[in-house]
Each structure stands twice: as C-alpha cells, then as structure tokens.
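Comments concern the structure below.
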Amino acid sequence: MNKRRRFLLQGTAGLGLLTGAGILVRAQTIGDDTMTDADTDLDQTVADTTSNWQQFAPAGANLPAVSDTLELDDTVWRERLTPDAYRVLRKEGTERAFTSTLLNEKQRGLYLCAGCELPLFTSAMKFDSGTGWPSFTTMIDGHIETRRDYRLFLPRTEYHCSRCGGHQGHVFDDGPAPTGQRWCNNGVALTFLAAG
Ligand SMILES: [Zn+2]
C-alpha cells in the first residue's frame with residue numbers, strides 16, 4: 001500500500017469516527033424522534049407543494065382545470081405554437097441543452113404547459129440538475145401522465161400534459177432526496193407564471 005492510499009484510508013476512518021461520534025452526540029442531545037420528525041417534514045413539504053400548488057399562483061389567476069381537456073387538430077396546434085414549441089409538444093422533439101431561458105428562473109411561481117396553460121410544476125419543485133434542461137423533483141399530482149418510450153436503445157419514461165397531451169420530457173430516478181426523481185423538461189414546452 002503506498003503512502004498516499006494509507007493516508008486516505010486513515011483519513012476516511014477518522015472521518016467515520018468523527019461522524020459517528022457526531023451522530024451519537026446529536027442523538028443524545030435532541031433524541032431520535034426529533035431527527036425522524038425532520039425527515040417527515042421534508043417529505044411533507046414536497047407533498048404539500050404537489051397537492052397545494054394553488055399557493056404558488058398569483059391572486060386572481062384564471063387557470064384551466066385538468067378535466068377541461070383540450071384537443072385540437074394538428075394544423076391548429078401548428079398555428080398556435082412557435083415552431084420550436086410545436087416540435088417538442090406535438091412531435092416529441094428535444095430542445096438543445098442550455099438554451100432555455102427558464103434554466104435560471106428562480107422566482108416563486110408556477111410552470112405551465114406552453115400548449116394549454118395547465119400548471120405542471122411549482123417553483124418549490126425546481127432544482128439545478130446541471131443537465132441544461134429545467135429539472136424538477138416532483139410534479140403536480142394528476143396534471144402529468146407517463147408512458148414508456150422505446151425510441152432509444154434504453155427504454156425511458158416519457159411524460160406529457162394531462163390536459164392537452166403535449167410532450168414535456170422524460171423522468172429519471174437519479175434525482176435528489178426526498179423523491180429521488182428528476183423530471184427533465186424541455187423549457188420551450190413551459191411558460192413561467194410568477195406568484196407576485
Ligand atoms: Zn397542456
């Protein structure tokens with residue numbers, strides 16, 4: 001074993017001891033129940049933003065209901081949408097990475113489907129995945145539907161707007177806690193509605 005490797009191993013063991021001691025002290029000081037509560041709170045926060053997304057809408061916002069299905073002819077979609085949005089929403093295209101203006105959007109608010117204005121995500125669900133596409137840890141319950149996509153060698157899970165069927169992106173299981181999900185969205189398929 002060379003010197004550098006031995007040093008790294010010793011360092012890791014030392015860190016493990018320190019971390020272990022820290023947890024022991026923390027458990028004795030605040031008790032295990034407190035730590036469990038903190039984890040539950042985090043899960044609850046995500047659940048709240050999923051079901052209570054209205055708190056991220058501006059006052060008096062007139063947003064469509066998911067039950068108000070929007071079905072249009074392809075020619076009408078082509079007229080209503082920009083060419084880039086049409087290619088993603090109606091033809092399952094993918095925008096080039098790092099091109100979306102929503103990547104750096106940090107205001108409180110809602111992310112709506114660019115095809116029909118149905119709210120799909122809240123700002124509390126957004127995180128920086130580093131992939132170049134707007135990414136979310138979860139979505140608004142009932143507003144998104146998924147389907148297996150076999151177009152690439154490895155099957156992926158495609159997702160789309162429940163109201164208009166517009167393609168939004170793909171969901172992966174390498175996202176951050178507590179959901180572990182990464183909803184990888186085309187920015188051109190969304191519009192942002194600020195809460196304030
Ligand atoms: Zn839609």
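Letters A, B, ... go to the chains of the structure tokens in the order shown; residues in each chain start at 1; ligands are counted from 1 in the same order.
Residues of protein, DNA or RNA lying at most 10 Å from ligand 1, when only C-alpha atoms and all ligand atoms are considered, are Pro64, Val66, Thr69, Leu70, Glu71, Leu89, Leu112, Cys113, Ala114, Gly115, Cys116, Glu117, Leu118, Pro119, Leu120, His143, Ile144, His160, Cys161, Ser162, Arg163, Cys164, Gly165, Gly166, His167, Gln168, Ala189 and Leu190 of chain A.
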Quiz item: Excluding same-chain residues fewer than 3 positions from region 72-75 of chain A, what lies within 9 Å of it counting only C-alpha atoms, as a ChimeraX atom specification?
Solution: /A:78-80,90,164
Those residues with N, CA and C atoms, as an mmCIF file, in the first residue's frame please?
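Saved result, result.cif, follows:
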```
data_model
loop_
_atom_site.group_PDB
_atom_site.id
_atom_site.type_symbol
_atom_site.label_atom_id
_atom_site.label_comp_id
_atom_site.auth_asym_id
_atom_site.auth_seq_id
_atom_site.Cartn_x
_atom_site.Cartn_y
_atom_site.Cartn_z
ATOM 1 N N ARG A 78 -50.195 23.852 -34.937
ATOM 2 C CA ARG A 78 -49.089 24.458 -35.681
ATOM 3 C C ARG A 78 -49.227 25.984 -35.724
ATOM 4 N N GLU A 79 -50.476 26.444 -35.803
ATOM 5 C CA GLU A 79 -50.717 27.893 -35.826
ATOM 6 C C GLU A 79 -50.511 28.529 -34.449
ATOM 7 N N ARG A 80 -50.954 27.804 -33.398
ATOM 8 C CA ARG A 80 -50.917 28.357 -32.049
ATOM 9 C C ARG A 80 -49.517 28.427 -31.449
ATOM 10 N N ARG A 90 -45.786 18.623 -29.798
ATOM 11 C CA ARG A 90 -46.631 17.770 -30.655
ATOM 12 C C ARG A 90 -45.862 16.677 -31.385
ATOM 13 N N CYS A 164 -53.720 18.528 -22.501
ATOM 14 C CA CYS A 164 -53.626 18.633 -23.965
ATOM 15 C C CYS A 164 -52.787 17.519 -24.584
#
```
Exercise. Work out how far apart CA of Asp84 (chain A) and CA of Gly187 (chain A) are and give it in Å to one decimal.
Key: 10.3 Å
